[in-house]
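The data block below is entry19.csv; it holds CSV, N, CA and C atoms and all ligand atoms.
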chain,number,residue,atom,x,y,z
X,2,MET,N,-6.4,-15.6,13.4
X,2,MET,CA,-5.1,-14.9,13.6
X,2,MET,C,-5.0,-13.7,12.7
X,3,THR,N,-4.5,-12.6,13.2
X,3,THR,CA,-4.4,-11.4,12.4
X,3,THR,C,-3.1,-11.4,11.7
X,4,ASN,N,-3.1,-11.1,10.5
X,4,ASN,CA,-1.9,-11.1,9.6
X,4,ASN,C,-1.8,-9.7,9.1
X,5,THR,N,-0.8,-8.9,9.7
X,5,THR,CA,-0.7,-7.5,9.4
X,5,THR,C,0.3,-7.2,8.4
X,6,THR,N,0.0,-6.4,7.4
X,6,THR,CA,0.9,-6.0,6.4
X,6,THR,C,1.1,-4.5,6.4
X,7,THR,N,2.0,-4.0,5.6
X,7,THR,CA,2.2,-2.5,5.6
X,7,THR,C,1.5,-1.9,4.4
X,8,GLY,N,0.9,-0.7,4.6
X,8,GLY,CA,0.3,0.0,3.5
X,8,GLY,C,0.8,1.4,3.5
X,9,TYR,N,0.8,2.0,2.3
X,9,TYR,CA,1.3,3.4,2.1
X,9,TYR,C,0.1,4.3,1.5
X,10,LEU,N,-0.1,5.4,2.1
X,10,LEU,CA,-1.1,6.3,1.6
X,10,LEU,C,-0.7,7.0,0.4
X,11,PHE,N,-1.7,7.1,-0.6
X,11,PHE,CA,-1.4,7.8,-1.8
X,11,PHE,C,-2.5,8.8,-2.1
X,12,SER,N,-2.2,10.1,-2.3
X,12,SER,CA,-3.2,11.1,-2.6
X,12,SER,C,-3.3,11.1,-4.1
X,13,GLY,N,-4.4,10.7,-4.6
X,13,GLY,CA,-4.6,10.6,-6.0
X,13,GLY,C,-5.3,11.8,-6.6
X,14,PRO,N,-5.6,11.8,-7.9
X,14,PRO,CA,-6.3,12.9,-8.5
X,14,PRO,C,-7.7,13.1,-7.9
X,15,ARG,N,-8.1,14.4,-7.9
X,15,ARG,CA,-9.4,14.8,-7.3
X,15,ARG,C,-9.5,14.5,-5.8
X,16,GLY,N,-8.4,14.5,-5.1
X,16,GLY,CA,-8.3,14.4,-3.7
X,16,GLY,C,-8.7,13.1,-3.1
X,17,THR,N,-8.7,12.0,-3.9
X,17,THR,CA,-8.9,10.7,-3.4
X,17,THR,C,-7.7,10.2,-2.6
X,18,LEU,N,-7.9,9.4,-1.6
X,18,LEU,CA,-6.9,8.8,-0.8
X,18,LEU,C,-7.0,7.3,-1.0
X,19,THR,N,-5.9,6.7,-1.3
X,19,THR,CA,-5.9,5.2,-1.5
X,19,THR,C,-4.7,4.7,-0.6
X,20,LEU,N,-4.9,3.4,-0.3
X,20,LEU,CA,-3.9,2.7,0.5
X,20,LEU,C,-3.2,1.7,-0.4
X,21,ALA,N,-1.9,1.8,-0.7
X,21,ALA,CA,-1.2,0.9,-1.5
X,21,ALA,C,-0.5,-0.2,-0.7
X,22,VAL,N,-0.9,-1.4,-0.9
X,22,VAL,CA,-0.3,-2.5,-0.1
X,22,VAL,C,0.6,-3.4,-1.0
X,23,PRO,N,1.9,-3.4,-0.7
X,23,PRO,CA,2.8,-4.2,-1.5
X,23,PRO,C,2.6,-5.7,-1.3
X,24,CYS,N,2.6,-6.4,-2.4
X,24,CYS,CA,2.3,-7.8,-2.3
X,24,CYS,C,3.5,-8.6,-3.0
X,25,ASP,N,4.2,-9.4,-2.2
X,25,ASP,CA,5.3,-10.1,-2.7
X,25,ASP,C,4.8,-11.2,-3.7
X,26,ALA,N,3.7,-11.8,-3.4
X,26,ALA,CA,3.2,-12.8,-4.3
X,26,ALA,C,2.9,-12.3,-5.7
X,27,CYS,N,2.4,-11.1,-5.8
X,27,CYS,CA,2.1,-10.5,-7.1
X,27,CYS,C,3.2,-9.6,-7.6
X,28,GLN,N,4.2,-9.3,-6.8
X,28,GLN,CA,5.2,-8.3,-7.2
X,28,GLN,C,4.6,-7.0,-7.6
X,29,ALA,N,3.5,-6.6,-7.0
X,29,ALA,CA,2.8,-5.4,-7.3
X,29,ALA,C,2.0,-4.9,-6.1
X,30,PHE,N,1.4,-3.7,-6.2
X,30,PHE,CA,0.6,-3.2,-5.1
X,30,PHE,C,-0.9,-3.6,-5.2
X,31,HIS,N,-1.5,-3.8,-4.1
X,31,HIS,CA,-3.0,-3.9,-4.1
X,31,HIS,C,-3.5,-2.6,-3.5
X,32,TRP,N,-4.7,-2.2,-3.9
X,32,TRP,CA,-5.2,-0.9,-3.6
X,32,TRP,C,-6.5,-1.0,-2.8
X,33,HIS,N,-6.5,-0.2,-1.7
X,33,HIS,CA,-7.7,-0.1,-0.8
X,33,HIS,C,-8.1,1.3,-0.7
X,34,GLY,N,-9.4,1.6,-0.7
X,34,GLY,CA,-9.9,2.9,-0.5
X,34,GLY,C,-9.5,3.4,0.9
X,35,ALA,N,-9.2,4.7,1.0
X,35,ALA,CA,-8.9,5.3,2.3
X,35,ALA,C,-9.5,6.7,2.5
X,36,GLY,N,-10.6,6.9,1.8
X,36,GLY,CA,-11.3,8.2,2.0
X,36,GLY,C,-10.8,9.2,1.0
X,37,THR,N,-10.8,10.5,1.5
X,37,THR,CA,-10.3,11.6,0.6
X,37,THR,C,-9.3,12.4,1.5
X,38,VAL,N,-8.6,13.3,0.8
X,38,VAL,CA,-7.6,14.1,1.5
X,38,VAL,C,-8.3,15.0,2.5
X,39,GLU,N,-9.5,15.5,2.2
X,39,GLU,CA,-10.3,16.3,3.2
X,39,GLU,C,-10.9,15.5,4.3
X,40,ARG,N,-11.3,14.2,4.0
X,40,ARG,CA,-11.9,13.3,5.0
X,40,ARG,C,-11.1,12.0,5.0
X,41,PRO,N,-9.9,12.0,5.5
X,41,PRO,CA,-9.1,10.7,5.4
X,41,PRO,C,-9.7,9.7,6.4
X,42,LEU,N,-9.7,8.4,6.0
X,42,LEU,CA,-10.2,7.4,6.9
X,42,LEU,C,-9.1,6.9,7.8
X,43,HIS,N,-7.8,7.2,7.4
X,43,HIS,CA,-6.7,6.7,8.2
X,43,HIS,C,-5.6,7.7,8.3
X,44,ALA,N,-4.8,7.6,9.3
X,44,ALA,CA,-3.6,8.4,9.5
X,44,ALA,C,-2.4,7.5,9.6
X,45,PRO,N,-1.2,8.0,9.3
X,45,PRO,CA,0.0,7.1,9.5
X,45,PRO,C,0.1,6.6,10.9
X,46,GLY,N,0.4,5.3,11.0
X,46,GLY,CA,0.5,4.7,12.3
X,46,GLY,C,-0.8,3.9,12.6
X,47,ASP,N,-1.9,4.2,12.0
X,47,ASP,CA,-3.1,3.4,12.2
X,47,ASP,C,-3.0,2.0,11.7
X,48,VAL,N,-3.8,1.1,12.3
X,48,VAL,CA,-3.9,-0.2,11.8
X,48,VAL,C,-5.4,-0.4,11.5
X,49,THR,N,-5.7,-0.8,10.2
X,49,THR,CA,-7.0,-1.0,9.8
X,49,THR,C,-7.3,-2.4,9.4
X,50,GLU,N,-8.4,-3.0,9.8
X,50,GLU,CA,-8.7,-4.4,9.4
X,50,GLU,C,-9.2,-4.3,8.0
X,51,ARG,N,-8.6,-5.0,7.1
X,51,ARG,CA,-9.0,-5.1,5.7
X,51,ARG,C,-8.8,-6.5,5.2
X,52,ALA,N,-9.8,-7.0,4.5
X,52,ALA,CA,-9.6,-8.3,3.8
X,52,ALA,C,-8.8,-8.2,2.6
X,53,SER,N,-7.9,-9.1,2.5
X,53,SER,CA,-7.0,-9.2,1.3
X,53,SER,C,-7.9,-9.5,0.1
X,54,HIS,N,-7.6,-8.9,-1.1
X,54,HIS,CA,-8.2,-9.4,-2.3
X,54,HIS,C,-7.1,-9.9,-3.3
X,55,CYS,N,-6.1,-10.5,-2.8
X,55,CYS,CA,-5.0,-11.0,-3.6
X,55,CYS,C,-5.4,-12.3,-4.2
X,56,HIS,N,-5.1,-12.4,-5.5
X,56,HIS,CA,-5.4,-13.7,-6.3
X,56,HIS,C,-4.3,-14.7,-6.1
X,57,ASN,N,-3.2,-14.3,-5.5
X,57,ASN,CA,-2.1,-15.2,-5.4
X,57,ASN,C,-1.8,-15.7,-4.0
X,58,GLY,N,-2.8,-15.6,-3.2
X,58,GLY,CA,-2.7,-16.3,-1.8
X,58,GLY,C,-2.1,-15.4,-0.7
X,59,ASN,N,-1.9,-14.1,-0.9
X,59,ASN,CA,-1.4,-13.3,0.2
X,59,ASN,C,-2.6,-12.9,1.1
X,60,ARG,N,-2.7,-13.6,2.2
X,60,ARG,CA,-3.9,-13.4,3.0
X,60,ARG,C,-3.6,-12.5,4.2
X,61,TYR,N,-3.6,-11.2,4.0
X,61,TYR,CA,-3.5,-10.3,5.1
X,61,TYR,C,-4.9,-10.0,5.6
X,62,SER,N,-5.0,-9.6,6.9
X,62,SER,CA,-6.3,-9.2,7.4
X,62,SER,C,-6.3,-7.8,8.1
X,63,ALA,N,-5.1,-7.2,8.1
X,63,ALA,CA,-5.0,-5.9,8.7
X,63,ALA,C,-3.8,-5.2,8.0
X,64,ILE,N,-3.9,-3.8,7.9
X,64,ILE,CA,-2.9,-3.0,7.3
X,64,ILE,C,-2.4,-2.0,8.2
X,65,ARG,N,-1.1,-1.9,8.5
X,65,ARG,CA,-0.5,-0.9,9.3
X,65,ARG,C,0.0,0.2,8.3
X,66,ILE,N,-0.5,1.5,8.6
X,66,ILE,CA,-0.2,2.5,7.6
X,66,ILE,C,1.1,3.2,7.9
X,67,SER,N,2.0,3.2,6.9
X,67,SER,CA,3.3,3.7,7.1
X,67,SER,C,3.4,5.2,7.2
X,68,ASP,N,4.4,5.8,7.8
X,68,ASP,CA,4.6,7.2,7.8
X,68,ASP,C,5.1,7.7,6.4
X,69,VAL,N,5.6,6.8,5.7
X,69,VAL,CA,6.1,7.1,4.3
X,69,VAL,C,5.0,7.1,3.3
X,70,PRO,N,4.7,8.1,2.6
X,70,PRO,CA,3.7,8.1,1.5
X,70,PRO,C,4.1,7.2,0.4
X,71,TYR,N,3.1,6.7,-0.3
X,71,TYR,CA,3.3,6.0,-1.6
X,71,TYR,C,4.0,6.9,-2.6
X,72,ASP,N,5.0,6.3,-3.3
X,72,ASP,CA,5.7,7.0,-4.3
X,72,ASP,C,5.4,6.3,-5.7
X,73,ARG,N,5.0,7.2,-6.7
X,73,ARG,CA,4.6,6.6,-8.0
X,73,ARG,C,5.8,5.9,-8.6
X,74,ALA,N,7.0,6.3,-8.3
X,74,ALA,CA,8.2,5.7,-8.8
X,74,ALA,C,8.4,4.2,-8.4
X,75,TRP,N,7.6,3.8,-7.4
X,75,TRP,CA,7.7,2.4,-6.9
X,75,TRP,C,7.3,1.3,-7.8
X,76,VAL,N,6.6,1.7,-8.9
X,76,VAL,CA,6.2,0.6,-9.8
X,76,VAL,C,6.7,1.0,-11.2
X,77,THR,N,6.9,0.0,-12.0
X,77,THR,CA,7.3,0.2,-13.4
X,77,THR,C,6.2,0.8,-14.2
X,78,PRO,N,6.5,1.7,-15.1
X,78,PRO,CA,5.4,2.4,-15.8
X,78,PRO,C,4.6,1.5,-16.7
X,79,MET,N,5.2,0.4,-17.3
X,79,MET,CA,4.4,-0.4,-18.2
X,79,MET,C,3.5,-1.4,-17.5
X,80,ARG,N,4.1,-2.2,-16.6
X,80,ARG,CA,3.4,-3.4,-16.0
X,80,ARG,C,3.0,-3.2,-14.6
X,81,GLY,N,3.3,-2.1,-14.0
X,81,GLY,CA,2.9,-1.8,-12.6
X,81,GLY,C,3.5,-2.8,-11.6
X,82,ARG,N,4.7,-3.3,-11.9
X,82,ARG,CA,5.3,-4.2,-10.9
X,82,ARG,C,6.3,-3.4,-10.1
X,83,PHE,N,6.8,-4.0,-9.0
X,83,PHE,CA,7.8,-3.3,-8.2
X,83,PHE,C,9.0,-2.9,-9.0
X,84,SER,N,9.4,-1.6,-8.7
X,84,SER,CA,10.5,-1.0,-9.5
X,84,SER,C,11.8,-1.1,-8.6
X,85,THR,N,12.9,-0.7,-9.2
X,85,THR,CA,14.1,-0.7,-8.4
X,85,THR,C,14.0,0.4,-7.3
X,86,ALA,N,13.2,1.4,-7.6
X,86,ALA,CA,13.1,2.5,-6.6
X,86,ALA,C,12.4,1.9,-5.3
X,87,TYR,N,11.4,1.0,-5.5
X,87,TYR,CA,10.7,0.4,-4.4
X,87,TYR,C,11.7,-0.5,-3.6
X,88,ARG,N,12.5,-1.3,-4.3
X,88,ARG,CA,13.4,-2.1,-3.6
X,88,ARG,C,14.4,-1.3,-2.8
X,89,ARG,N,14.8,-0.1,-3.4
X,89,ARG,CA,15.7,0.7,-2.7
X,89,ARG,C,15.1,1.3,-1.4
X,90,HIS,N,13.8,1.6,-1.5
X,90,HIS,CA,13.1,2.1,-0.3
X,90,HIS,C,13.1,1.0,0.8
X,91,LEU,N,12.9,-0.3,0.4
X,91,LEU,CA,12.9,-1.4,1.4
X,91,LEU,C,14.3,-1.5,2.0
X,92,GLU,N,15.3,-1.4,1.2
X,92,GLU,CA,16.7,-1.4,1.8
X,92,GLU,C,16.9,-0.4,2.8
X,93,VAL,N,16.5,0.9,2.5
X,93,VAL,CA,16.7,2.0,3.4
X,93,VAL,C,15.8,1.8,4.7
X,94,ALA,N,14.6,1.3,4.5
X,94,ALA,CA,13.6,1.1,5.6
X,94,ALA,C,14.1,0.0,6.6
X,95,ARG,N,14.9,-0.9,6.2
X,95,ARG,CA,15.2,-2.0,7.0
X,95,ARG,C,16.1,-1.7,8.2
X,101,ZN,ZN,-1.2,-10.2,-4.3

Translate this file's structure into C-alpha cells.
Ligand SMILES: [Zn+2]
Amino acid sequence: MTNTTTGYLFSGPRGTLTLAVPCDACQAFHWHGAGTVERPLHAPGDVTERASHCHNGNRYSAIRISDVPYDRAWVTPMRGRFSTAYRRHLEVAR
C-alpha cells in the first residue's frame, strides 16, 4: 500500500534542491535529495516514490510535492523541531 506524505522543496546553498518532509513522530523534517535548481528532479504537484528513513516508525512510501516552498522559519534554530511558524502554516493550509 502506498502511504503518501507531503514534502516541501528547499533551495539550499550552491543551488542544491532538497525535499523537506515533516514528520509528526519526530516533530522535525526528514530530508531527501531533489537534484539542483538548474536540474530539478521534481516540480510542485509531482508525486515521487521515496522510502522513509524515519527512526520513529513514520513509514511513508511516496512524497507529494507542495506548491509552497520550505521556509527556514519552520524549525526552531537550536533543535530543528517544528516551530510555531510551521504550525501556523498548517492552520492556514487546512
Ligand atoms: Zn520521523

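Take the candidates X:Gly36, X:Pro70, X:Pro23, X:Gly81 and check each one against ligand ZN 101 (chain X) using all atoms listed in the file; the shortest distance goes to X:Pro23.
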
Self-check item: Nearby residues, ligand ZN 101 (chain X), 6 Å, only C-alpha atoms and all ligand atoms, as a ChimeraX atom specification
Solution: /X:24,26-27,55-57,59

Quiz item: Which value, in Å to one decimal, gives the distance between atom CA of X:Gln28 and atom CA of X:Thr5?
Solution: 17.6 Å

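Each of X:Thr37, X:Thr6, X:Ser67, X:Thr49 was compared to X:Thr19 using all atoms listed in the file, and X:Thr37 turns out to be the nearest.
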
Self-check item: atom CA of X:Arg51 to atom C of X:Tyr9, distance in Å rounded to a single decimal
Solution: 13.7 Å

Self-check item: Near-X:Pro45 list (7 Å; all atoms listed in the file; drop same-chain fewer than 3 positions) as an MDAnalysis selection string
Solution: chainID X and resid 48 65:69

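Atom N of X:Asp25 is found 10.4 Å from atom CA of X:Arg60.
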
Quiz item: Which residue, X:Met2, X:Ala21, X:Ala29, X:Leu10, has the smallest gap to X:Phe83 when you use all atoms listed in the file?
Solution: X:Ala29

Quiz item: Just asking: which residues within chain X are helix (DSSP H, G or I) according to DSSP, as a VMD selection string?
Solution: chain X and resid 14 to 16 73 to 75 85 to 94

Practice problem: Run DSSP on the backbone of this structure and report the residues of chain X it assigns to strand (DSSP E or B), as an MDAnalysis selection string. | Solution: chainID X and resid 5:12 17:24 29:37 41 48:50 63:66 76 82:83

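The closest residue to X:Gly13, picked from X:Phe30, X:Arg73, X:Ala44, X:Glu50 and counting only C-alpha atoms, is X:Arg73.
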